[in-house]
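Novice: Sharing a structure here in C-alpha cells format.
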Amino acid sequence: MDHQTPKPYSASGYDLSPLPPVIFERRVRDLTPEERRVLLASGTETPFCGGLLHEHGVGTYVCRLCALPLFRSQDKFESGTGWPSFMRPFDPDHLVRITDTNHGMTRTEIRCVRCQSHLGHVFPDGPPPTGERHCVNSVSLRFMPDGARMDREEEDA
C-alpha cells in the first residue's frame, strides 16, 4: 500500500509543494544574472529601475521562478520608494517572513514559500487597511494580466 503525504495547499487553494529538483534547476538556469543575484542571493535591484514599477494593468504578480501568485494589482500602491509596493499579499500562506539583520538594521524579509526566492521586505508604514508595505524587487515578479494562465507547467513539458 502506497501512503503519500498530502500536498500542502494554501488557503486560496494553491499547491505549495517545492518544485521538483529538475524543474527548479532548469528554471534557475534560465534566469538572468540580475534575477539570480536578487532571487537566489537576496540582492536588491536599483531603485526606480525595475520593469514593474510603473505597471498599472489589472492582474496578478507571480513569483518569477515558480509562478505562485504573490500580489494582486488592486493592492499595489505608489510608495515613492522606487520599488513596486503592495499593501497585502495574494494569500499570506504564499509568503515566508524572515528576520533580516543585514546592513546594521532589523527588517522583515519576504520570500516565496514554494521556491524560497527572495522578493524584498515588508515594512509597517503602508496605507490602510493593513498598514503594511510589501516592497518588492521587480525582477522577483512576473505580471500576469487577468485571464492569463498563471502556472508555468507548459514551460516544463
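Identifiers in this document derive from the order of the C-alpha cells: chains are assigned A, B, ..., residues are numbered from 1 separately in each chain, and ligands are numbered from 1 in order of occurrence.
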Per residue of segment 76-104 of chain A within 6 Å of segment 109-129 of chain A, what are the shortest atom pair and its distance in Å to one decimal, counting only C-alpha atoms, with rows by chain and residue number, as a Markdown table?
Specialist:
```
| residue | atom | partner | partner_atom | distance |
| --- | --- | --- | --- | --- |
| A:His94 | CA | A:Val113 | CA | 5.3 |
| A:Leu95 | CA | A:Cys112 | CA | 5.0 |
| A:Val96 | CA | A:Arg111 | CA | 5.1 |
| A:Arg97 | CA | A:Ile110 | CA | 4.8 |
| A:Ile98 | CA | A:Glu109 | CA | 5.0 |
| A:Asp100 | CA | A:Glu109 | CA | 5.8 |
```
Novice: Taking into account only C-alpha atoms, which residue in the set A:Val139, A:Gln74, A:Cys66, A:Trp83 is nearest to Tyr14 of chain A?
Specialist: A:Cys66
Novice: Between A:Leu68, A:Leu40, A:Leu53, A:Ala11, which residue has the minimum interatomic distance to Val28 of chain A, considering only C-alpha atoms?
Specialist: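 Distance minimum relative to Val28 of chain A lands on A:Leu40.
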Novice: Give the strand (DSSP E or B) residues of segment 79-110 of chain A, as assigned by DSSP on the backbone, as a list of chain:residue names.
Specialist: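 Listing strand (DSSP E or B) positions across segment 79-110 of chain A yields A:Ser85, A:Phe86, A:Leu95, A:Val96, A:Arg97, A:Ile98, A:Thr99, A:Asp100, A:Arg107, A:Thr108, A:Glu109, A:Ile110.
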Novice: Would you put the residues from that selection into a file with N, CA, C and O atoms, as a PDB file, in the first residue's frame?
Specialist:
```pdb
ATOM      1  N   SER A  85       5.254  48.387  -4.655  1.00  0.00           N
ATOM      2  CA  SER A  85       4.801  48.218  -3.276  1.00  0.00           C
ATOM      3  C   SER A  85       3.356  47.743  -3.251  1.00  0.00           C
ATOM      4  O   SER A  85       2.529  48.205  -4.038  1.00  0.00           O
ATOM      5  N   PHE A  86       3.076  46.859  -2.331  1.00  0.00           N
ATOM      6  CA  PHE A  86       1.755  46.247  -2.197  1.00  0.00           C
ATOM      7  C   PHE A  86       1.331  46.296  -0.734  1.00  0.00           C
ATOM      8  O   PHE A  86       2.154  46.090   0.156  1.00  0.00           O
ATOM      9  N   LEU A  95       3.756  33.628   1.332  1.00  0.00           N
ATOM     10  CA  LEU A  95       4.987  34.322   1.713  1.00  0.00           C
ATOM     11  C   LEU A  95       5.561  33.746   2.994  1.00  0.00           C
ATOM     12  O   LEU A  95       4.826  33.338   3.883  1.00  0.00           O
ATOM     13  N   VAL A  96       6.885  33.753   3.084  1.00  0.00           N
ATOM     14  CA  VAL A  96       7.603  33.442   4.313  1.00  0.00           C
ATOM     15  C   VAL A  96       8.220  34.745   4.786  1.00  0.00           C
ATOM     16  O   VAL A  96       8.805  35.479   3.984  1.00  0.00           O
ATOM     17  N   ARG A  97       8.074  35.033   6.064  1.00  0.00           N
ATOM     18  CA  ARG A  97       8.689  36.226   6.663  1.00  0.00           C
ATOM     19  C   ARG A  97       9.891  35.783   7.491  1.00  0.00           C
ATOM     20  O   ARG A  97       9.772  34.892   8.322  1.00  0.00           O
ATOM     21  N   ILE A  98      11.021  36.440   7.250  1.00  0.00           N
ATOM     22  CA  ILE A  98      12.281  36.090   7.912  1.00  0.00           C
ATOM     23  C   ILE A  98      12.904  37.361   8.479  1.00  0.00           C
ATOM     24  O   ILE A  98      12.973  38.379   7.790  1.00  0.00           O
ATOM     25  N   THR A  99      13.373  37.305   9.718  1.00  0.00           N
ATOM     26  CA  THR A  99      14.073  38.456  10.296  1.00  0.00           C
ATOM     27  C   THR A  99      15.414  38.619   9.597  1.00  0.00           C
ATOM     28  O   THR A  99      16.203  37.675   9.506  1.00  0.00           O
ATOM     29  N   ASP A 100      15.674  39.816   9.087  1.00  0.00           N
ATOM     30  CA  ASP A 100      16.887  40.150   8.341  1.00  0.00           C
ATOM     31  C   ASP A 100      17.638  41.215   9.132  1.00  0.00           C
ATOM     32  O   ASP A 100      17.120  42.317   9.331  1.00  0.00           O
ATOM     33  N   ARG A 107      15.047  44.142   9.674  1.00  0.00           N
ATOM     34  CA  ARG A 107      13.929  44.247   8.747  1.00  0.00           C
ATOM     35  C   ARG A 107      13.284  42.878   8.625  1.00  0.00           C
ATOM     36  O   ARG A 107      13.842  41.882   9.071  1.00  0.00           O
ATOM     37  N   THR A 108      12.126  42.833   7.977  1.00  0.00           N
ATOM     38  CA  THR A 108      11.452  41.563   7.723  1.00  0.00           C
ATOM     39  C   THR A 108      11.542  41.260   6.237  1.00  0.00           C
ATOM     40  O   THR A 108      10.915  41.929   5.420  1.00  0.00           O
ATOM     41  N   GLU A 109      12.348  40.264   5.919  1.00  0.00           N
ATOM     42  CA  GLU A 109      12.496  39.817   4.532  1.00  0.00           C
ATOM     43  C   GLU A 109      11.282  38.973   4.167  1.00  0.00           C
ATOM     44  O   GLU A 109      10.738  38.254   5.007  1.00  0.00           O
ATOM     45  N   ILE A 110      10.855  39.055   2.904  1.00  0.00           N
ATOM     46  CA  ILE A 110       9.801  38.181   2.410  1.00  0.00           C
ATOM     47  C   ILE A 110      10.352  37.323   1.281  1.00  0.00           C
ATOM     48  O   ILE A 110      11.092  37.799   0.427  1.00  0.00           O
TER      49      ILE A 110
END
```
Novice: Between A:Pro8, A:Gly51, A:Gly13, A:Gly104, single out the one closest to Asp91 of chain A, counting only C-alpha atoms.
Specialist: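 Looking only at the distances to Asp91 of chain A, the closest residue turns out to be A:Gly13.
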Novice: What is the atom CA of Glu45 of chain A to atom CA of Asn137 of chain A distance in Å?
Specialist: 6.1 Å
Novice: Determine the nearest neighbour of Val62 of chain A from the options A:Pro18, A:Pro33, A:Pro89, A:Pro47, counting only C-alpha atoms.
Specialist: A:Pro89
Novice: Please, what distance in Å, to one decimal, runs between atom CA of Arg27 of chain A and atom CA of Leu141 of chain A?
Specialist: 13.8 Å
Novice: Would you please work out which residue, of A:Phe48, A:Tyr9, A:Phe143, A:Phe90, is nearest to Leu70 of chain A when using only C-alpha atoms?
Specialist: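 Using only C-alpha atoms, Leu70 of chain A sits closest to A:Phe90.
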Novice: Using Å and a single decimal, report how far atom CA of Phe24 of chain A sits from atom CA of Arg133 of chain A.
Specialist: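 Taking atom CA of Arg133 of chain A and atom CA of Phe24 of chain A, their separation equals 28.8 Å.
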Novice: Which residues are near Ala148 of chain A? Cut-off 12 Å, only C-alpha atoms, ignore same chain within fewer than 6 positions. Put them as a PyMOL selection string.
Specialist: chain A and resi 58-62+67+142
Novice: Find, counting only C-alpha atoms, the residue in A:Cys135, A:Met144, A:Val22, A:Leu65 that gets nearest to Gly80 of chain A.
Specialist: A:Cys135
Novice: List every residue of chain A that DSSP, applied to the backbone, labels as alpha helix (DSSP H), and write the result as JSON, numbers by chain.
Specialist: {"A": [21, 22, 23, 24, 25, 26, 27, 28, 29, 33, 34, 35, 36, 37, 38, 39, 40, 41, 153, 154, 155, 156]}
